[in-house]
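Okay, structure first, notes after.
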Amino acid sequence: MPSLTRSEAVARATRLTVDAMEVDLDLDRGTEVFGSRACIRFSCHEPGTDTFVELRPRHLVSATLNGRALDPASLSDGRLPLTELKPDNVLHVEATMAYSHDGQGLHRSTDPADGEDYVYGHLFLDAAPTVFACFDQPDLKAPYTLTVTAPEEWTVLGNGAATLTAPGRTALAATPPLATYFVTVCAGPWASVRAEHDGIPLGVHARRSLEPHLREQAEHMLETTRACFDHYHRLFGIRYPFGEYHQVFVPEFNAGAMENPGCVTFRDTMVFRGAATPDEVLQRSNTIAHEMAHMWFGDLVTMHWWDDLWLNESFAEYMAYEALTEVTEFTDAWVEFGVIRKMWGYSAERAPSTHPVAGSPAPDAHSALGNFDGISYAKGASVLRQLIAHIGDDAFVRGVTTHLSTNEFGNGDLAEFLAAMERASGRSLAAWSSAWLETAGADRLTLEGDVLVRVPPSDDPVERPHTVDVAVFAGAAEVSRVRVVIEGDRTPVPGLDALPAQAIVVPNAGDLTWAEVSLDSGTLDNLVDGLADVPDLQARSVVWVALLGGVHRAEVDPRHAIDVFCEAWPHETASAVLARSALVVTSQMVPMFLPPGEQPPALVRVAGAADELLDRSAAVPGAEGEALAVLAARVWARSGSDVERLRRWTQGEGLPSVLVGDDDFRWAVLRRLATLGELSDAEIEAAESADRSLAGELAALGVRAVRPTAEAKAWAWTALRDDETLSNYAALSVAGGFWVAPTHDLVRPYVDRVGDLVVGMSGRMGDDAMSRIVEAIHPTTVVEEGTAVVSGAVLERGDLTPGVRRALVDADHALREALESRRHFG
């Protein structure tokens, strides 16, 4: 179906104002379809003209405009024509709609633990017309009044406060004006924990089978919620405007979370079934803070069109980390930002799909999906930090408050935001915006002797100013730290003329700017013995990002990176650094950048590093030691090859005590056994019987897919290609295990089938789900020239959706980075 174009949206917004939306949903019609009735009251500023409303039903029952029946047959490509508009109009549409199983629209999922069904709405990016008729664009906001019929035992939650008006019948309070993609309904037999803070009713909710875990973790979630509300109220001076505040942890959710006003949805893997490390709890808390920040940035004030989505995401990203640092226990949250979010963003900047933070072309809604990436999030937040350093905190807050209050319940754009900041600071920001918001690519900083060299991206060599710290470490001592302002391509750095022999020199040691760092050769040589001793956590995380990024840029031999990892990682203390660096080494460095013959011995060394950290964890008391043990055991379960030890672990024997009874960890161990060809069908079936949860069901699919047999790979491929009942998460689980193989010979025959598979799957799943599945099913780990030829040919196809094409471009780039590294280092 055609995607709404920017020009169509501008024309329609000029012509129409949506005054009110009334939506009635009947969720009690079985498991496949639901009823939808919409009443749209809207004004037309050009009476007598025509427009259209979006609707993608299973069956259009009826439609009337101002009492005049519309021909259902006129519905074409998801658009229902509306002709001869009056100054004031009322449109009634009744339709039968289909539940989705791809995490978009109105998603329905069955929990295998107890057979209960759950429904939630995810109307991003343009899925609202699969739920109700609407003018689906972000700048036609309207108040919503929803009523819902559902099974009597279900609880219904949504954007407005819920009132049970009759058995099985719920009315949701009218909302302030909302964009269509923020509307949600979450219905099912939820387990709930409710509270109140500062006059705001609060609730956290999850599937009933997760109730023990929800109740155990709810207080920490609510504590973070309360702290962030207080912080944002103090900061913005504008009260939260959407009534109640529910946080619903839903199954098979594509994103991390969605900022639906009053009813935020999260992926329910954030309700931890087993041990959770500090970085995982931080990430959940960050998501809570991020989505709450959206109540102001995105919900109260929404972008006019998708090319200004950074006004939502960059601000929420920055505000969340700032809030965690200021008002929670996560005072080192910016370290996690650097080693996880910035690494993600730098990868996006290196790819051909890189784009500016602001104003990135989005000619239609579908094309905008590709811009929800590490650039809009991590780079955007980074440049906001730089803006604040440039104009000061007070001016920034004044500008933000002006922008929000001026545009509340409406829409804003880049020009309006910059104008507010310029008035607040008394400075022109045109040059700053041009350098940082409106150009693509990351500068690279590297030392040549005592000169810091700025290498701009070749495709967009704009002059960007940087303020950075250059720190020198030797052993456990910080020898020196100099702040340098970079305004050209070569900047002298004082104090680097007589370095200690074991010096580790870190440009951008405070992680103050957005730029990739290339470490000098002397520093690289000294990392094996010296990285673990660097006393500054932020500088240490910058080094890890620079080291791993250097491998991707074919500047650092992956063997050297693994040498550093095996020596330094067992002594690292930061949970985020431990988790992310290990993930990169085991999922990218070893399987992609090392030749196949070097991969097994490298994994042996990684497992040895994990054992070393396990030994160290035993001497660390309390929760800190338990967290180290969990991190170490997870890495060993991905890299170890001692089958007897793995089997003992599946029985809970010889495990760190914190992991005894942890079903998710047990599945990780079973996956490793299956990868090694040491798990039978009977053992998989027994594990499924012991864990009837949704997480267990999905894990079992992945375990079946990783098995190193032709039969297992054929089963997995056929399931992906032919099984239309696979949900988004089920498909992702199968795809994520397919390319795992002891030899490329086992999977190489499938490489040239990827294009047809992806196109076929995208016919039944939306781009939001497919972008993640493509990342998993692309043969990125089959690092061969022939794979690159096939990958390039797939990109030439004319039947790719925009979201699938963007995901393929990024996967193709990752493959070519690995190929270039192998060419360079052998």
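How things are named: the first chain in the structure tokens is A, the next is B, and so on; residues count from 1 in each chain; ligands count from 1 in the order shown.
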**Report entry** Near-Tyr245 of chain A list (9 Å; only C-alpha atoms; drop same-chain fewer than 5 positions) as a PyMOL selection string
**Finding:** chain A and resi 159+161+200-204+261-264
Requested in this report: Give me the residues within 8 Å of segment 177-188 of chain A as a PyMOL selection string, counting only C-alpha atoms and dropping any in the same chain fewer than 4 places off.
Outcome: chain A and resi 116-128+134-144+150+153-159+207+248+259-261+263+299+302+409-410
For Gly786 of chain A: contacts at 12 Å, only C-alpha atoms, fewer than 2 positions along chain excluded, given as an mmCIF file with C-alpha atoms, in the first residue's frame:
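Generated file (selection31.cif):
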data_model
loop_
_atom_site.group_PDB
_atom_site.id
_atom_site.type_symbol
_atom_site.label_atom_id
_atom_site.label_comp_id
_atom_site.auth_asym_id
_atom_site.auth_seq_id
_atom_site.Cartn_x
_atom_site.Cartn_y
_atom_site.Cartn_z
ATOM 1 C CA HIS A 744 30.203 -22.397 6.227
ATOM 2 C CA ARG A 748 26.470 -21.564 2.266
ATOM 3 C CA PRO A 749 23.749 -23.102 0.005
ATOM 4 C CA VAL A 751 23.152 -17.495 0.993
ATOM 5 C CA ASP A 752 21.692 -16.792 -2.434
ATOM 6 C CA PRO A 779 24.469 -13.992 6.141
ATOM 7 C CA THR A 780 26.821 -11.502 7.777
ATOM 8 C CA VAL A 782 29.537 -16.041 6.180
ATOM 9 C CA VAL A 783 32.405 -13.662 5.529
ATOM 10 C CA GLU A 784 33.287 -14.491 1.942
ATOM 11 C CA ALA A 788 29.212 -9.877 -0.616
ATOM 12 C CA VAL A 789 28.288 -10.384 -4.267
ATOM 13 C CA VAL A 790 24.939 -11.893 -3.295
ATOM 14 C CA SER A 791 24.332 -9.209 -0.662
ATOM 15 C CA GLY A 792 24.985 -6.468 -3.196
ATOM 16 C CA ALA A 793 22.639 -8.097 -5.697
ATOM 17 C CA LEU A 815 29.825 -7.791 6.156
ATOM 18 C CA ARG A 816 32.087 -5.542 4.080
ATOM 19 C CA LEU A 819 35.922 -8.534 4.650
#
Query raised in the report: What gap, in Å, lies between atom CA of Arg647 of chain A and atom CA of Asp664 of chain A?
Result: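 Straight-line distance from atom CA of Arg647 of chain A to atom CA of Asp664 of chain A works out to 15.2 Å.
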Query - helix (DSSP H, G or I) positions in segment 148-397 of chain A, given as number ranges by chain - result: A: 180-182, 208-236, 268-270, 278-294, 306-308, 310-327, 333-350, 365-371, 374-391, 393-397
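Nearest-residue note for Asp460 of chain A: choosing from A:Arg108, A:His355, A:Arg805, A:Arg666, the minimum distance belongs to A:His355, counting only C-alpha atoms.
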Within 8 Å of segment 303-316 of chain A, which residues of segment 277-298 of chain A come that close, and what is the closest atom pair and distance in Å for each? Count only C-alpha atoms and give it as CSV.
residue,atom,partner,partner_atom,distance
A:His290,CA,A:Ala316,CA,5.0
A:Glu291,CA,A:Ala316,CA,7.0
A:Ala293,CA,A:Ala316,CA,5.1
A:His294,CA,A:Ala316,CA,5.7
A:Phe297,CA,A:Asn312,CA,5.1
A:Gly298,CA,A:Asn312,CA,4.7
Serialized selection, N, CA and C atoms, as a PDB file, in the first residue's frame:
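File written: out-v4.pdb
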ATOM      1  N   HIS A 290      13.580   7.610  29.819  1.00  0.00           N
ATOM      2  CA  HIS A 290      13.491   8.037  28.414  1.00  0.00           C
ATOM      3  C   HIS A 290      12.034   8.210  27.991  1.00  0.00           C
ATOM      4  N   GLU A 291      11.207   7.199  28.267  1.00  0.00           N
ATOM      5  CA  GLU A 291       9.813   7.278  27.842  1.00  0.00           C
ATOM      6  C   GLU A 291       9.070   8.367  28.588  1.00  0.00           C
ATOM      7  N   ALA A 293      10.428  11.186  29.613  1.00  0.00           N
ATOM      8  CA  ALA A 293      10.836  12.447  28.989  1.00  0.00           C
ATOM      9  C   ALA A 293      10.023  12.730  27.734  1.00  0.00           C
ATOM     10  N   HIS A 294       9.623  11.667  27.032  1.00  0.00           N
ATOM     11  CA  HIS A 294       8.792  11.834  25.838  1.00  0.00           C
ATOM     12  C   HIS A 294       7.436  12.447  26.161  1.00  0.00           C
ATOM     13  N   PHE A 297       8.713  15.807  25.397  1.00  0.00           N
ATOM     14  CA  PHE A 297       9.357  15.855  24.087  1.00  0.00           C
ATOM     15  C   PHE A 297       8.791  14.752  23.207  1.00  0.00           C
ATOM     16  N   GLY A 298       7.789  15.054  22.448  1.00  0.00           N
ATOM     17  CA  GLY A 298       7.183  14.082  21.556  1.00  0.00           C
ATOM     18  C   GLY A 298       5.687  14.024  21.736  1.00  0.00           C
TER      19      GLY A 298
END
Query raised in the report: From the set A:Pro591, A:Pro251, A:Pro72, A:Pro129, which residue has the shortest atom-to-atom contact distance to Ser727 of chain A, counting only C-alpha atoms?
Result: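 Using only C-alpha atoms, the shortest distance to Ser727 of chain A belongs to A:Pro251.
Reported to one decimal place, the separation of atom CA of Ile375 of chain A from atom CA of Met421 of chain A is 21.6 Å.
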**Report entry** Selection: 10 Å around Arg721 of chain A, only C-alpha atoms, excl. self and same-chain fewer than 2 positions, as a list in words
**Finding:**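 Once the nearby chain positions are removed, what remains is Trp715, Ala716, Trp717, Thr718, Ala719, Asp723, Glu724, Leu726, Ala731, Asp756, Leu757, Val758, Val759, Gly760 and Met761 of chain A.
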Got time to write the residues from that selection, N, CA and C atoms, as a compact mmCIF listing (two decimals), in the first residue's frame?
# COMPACT_ATOMS: atom_id res chain seq x y z
N TRP A 715 14.93 -27.28 8.47
CA TRP A 715 13.73 -27.00 9.28
C TRP A 715 13.59 -25.50 9.54
N ALA A 716 14.69 -24.86 9.95
CA ALA A 716 14.64 -23.44 10.29
C ALA A 716 14.27 -22.61 9.07
N TRP A 717 14.91 -22.89 7.94
CA TRP A 717 14.64 -22.11 6.73
C TRP A 717 13.18 -22.27 6.29
N THR A 718 12.70 -23.49 6.32
CA THR A 718 11.32 -23.75 5.91
C THR A 718 10.34 -23.04 6.83
N ALA A 719 10.63 -23.03 8.13
CA ALA A 719 9.75 -22.34 9.08
C ALA A 719 9.69 -20.84 8.76
N ASP A 723 5.97 -20.72 7.36
CA ASP A 723 5.08 -20.75 8.52
C ASP A 723 4.52 -19.36 8.80
N GLU A 724 3.32 -19.10 8.33
CA GLU A 724 2.72 -17.78 8.50
C GLU A 724 2.20 -17.56 9.91
N LEU A 726 4.20 -17.89 12.52
CA LEU A 726 5.32 -17.41 13.33
C LEU A 726 5.11 -15.95 13.70
N ALA A 731 9.99 -15.66 14.74
CA ALA A 731 10.83 -15.57 13.54
C ALA A 731 12.23 -15.08 13.89
N ASP A 756 14.95 -13.68 -1.63
CA ASP A 756 13.58 -14.18 -1.77
C ASP A 756 12.93 -14.39 -0.41
N LEU A 757 13.70 -14.89 0.55
CA LEU A 757 13.14 -15.11 1.89
C LEU A 757 12.70 -13.80 2.51
N VAL A 758 13.54 -12.80 2.45
CA VAL A 758 13.24 -11.52 3.09
C VAL A 758 12.01 -10.88 2.44
N VAL A 759 11.96 -10.90 1.11
CA VAL A 759 10.81 -10.31 0.42
C VAL A 759 9.54 -11.07 0.77
N GLY A 760 9.62 -12.38 0.81
CA GLY A 760 8.44 -13.16 1.16
C GLY A 760 7.95 -12.87 2.57
N MET A 761 8.88 -12.79 3.53
CA MET A 761 8.48 -12.51 4.91
C MET A 761 7.93 -11.11 5.06
Query raised in the report: Quick one: residues within 9 Å of segment 40-57 of chain A, only C-alpha atoms counted, chain neighbours fewer than 4 positions away excluded, as a PyMOL selection string?
Result: chain A and resi 12+14-23+75+77-93+95-98+127-136
Query - Option closest in space to Val703 of chain A, from A:Met319, A:Leu670, A:Ala637, A:Leu447 [counting only C-alpha atoms] - result: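 Counting only C-alpha atoms, the residue closest to Val703 of chain A is A:Leu670.
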Query raised in the report: In Å, with one decimal, what is the gap from atom CA of Leu384 of chain A to atom CA of Leu437 of chain A?
Result: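 A separation of 9.6 Å between them.
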Per-residue nearest contacts of segment 218-337 of chain A to segment 610-630 of chain A (9 Å; only C-alpha atoms) as CSV:
residue,atom,partner,partner_atom,distance
A:Ala275,CA,A:Val630,CA,7.3
A:Ala276,CA,A:Ala627,CA,7.7
A:Thr277,CA,A:Ala627,CA,5.3
A:Pro278,CA,A:Ala627,CA,7.0
Report task. Please provide as a count of residues only all residues within 12 Å of Trp344 of chain A, with the sequence filter that same-chain residues fewer than 3 positions apart are discarded (counting only C-alpha atoms). Result -> 26
Report task. May I have the residues within 10 Å of Val809 of chain A as number ranges by chain, using only C-alpha atoms and disregarding those fewer than 2 positions away in the same chain? Result -> A: 351-353, 775, 791-792, 794-795, 803-807, 811-815
Query - Among listed residues A:Gln247, A:Ser434, A:Ser639, A:Ser587, nearest Leu603 of chain A (using only C-alpha atoms) - result: A:Ser639
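Of the residues under consideration (A:Thr354, A:Ser733, A:Ser458, A:Thr467), A:Ser733 shows the shortest atom-to-atom contact distance to Gly696 of chain A when counting only C-alpha atoms.
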Report task. May I ask which of the residues A:Val517, A:Ala574, A:Val301, A:Leu60 is the closest one to Ser405 of chain A, counting only C-alpha atoms? Result ->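 Among the listed residues, the smallest separation from Ser405 of chain A belongs to A:Val301.
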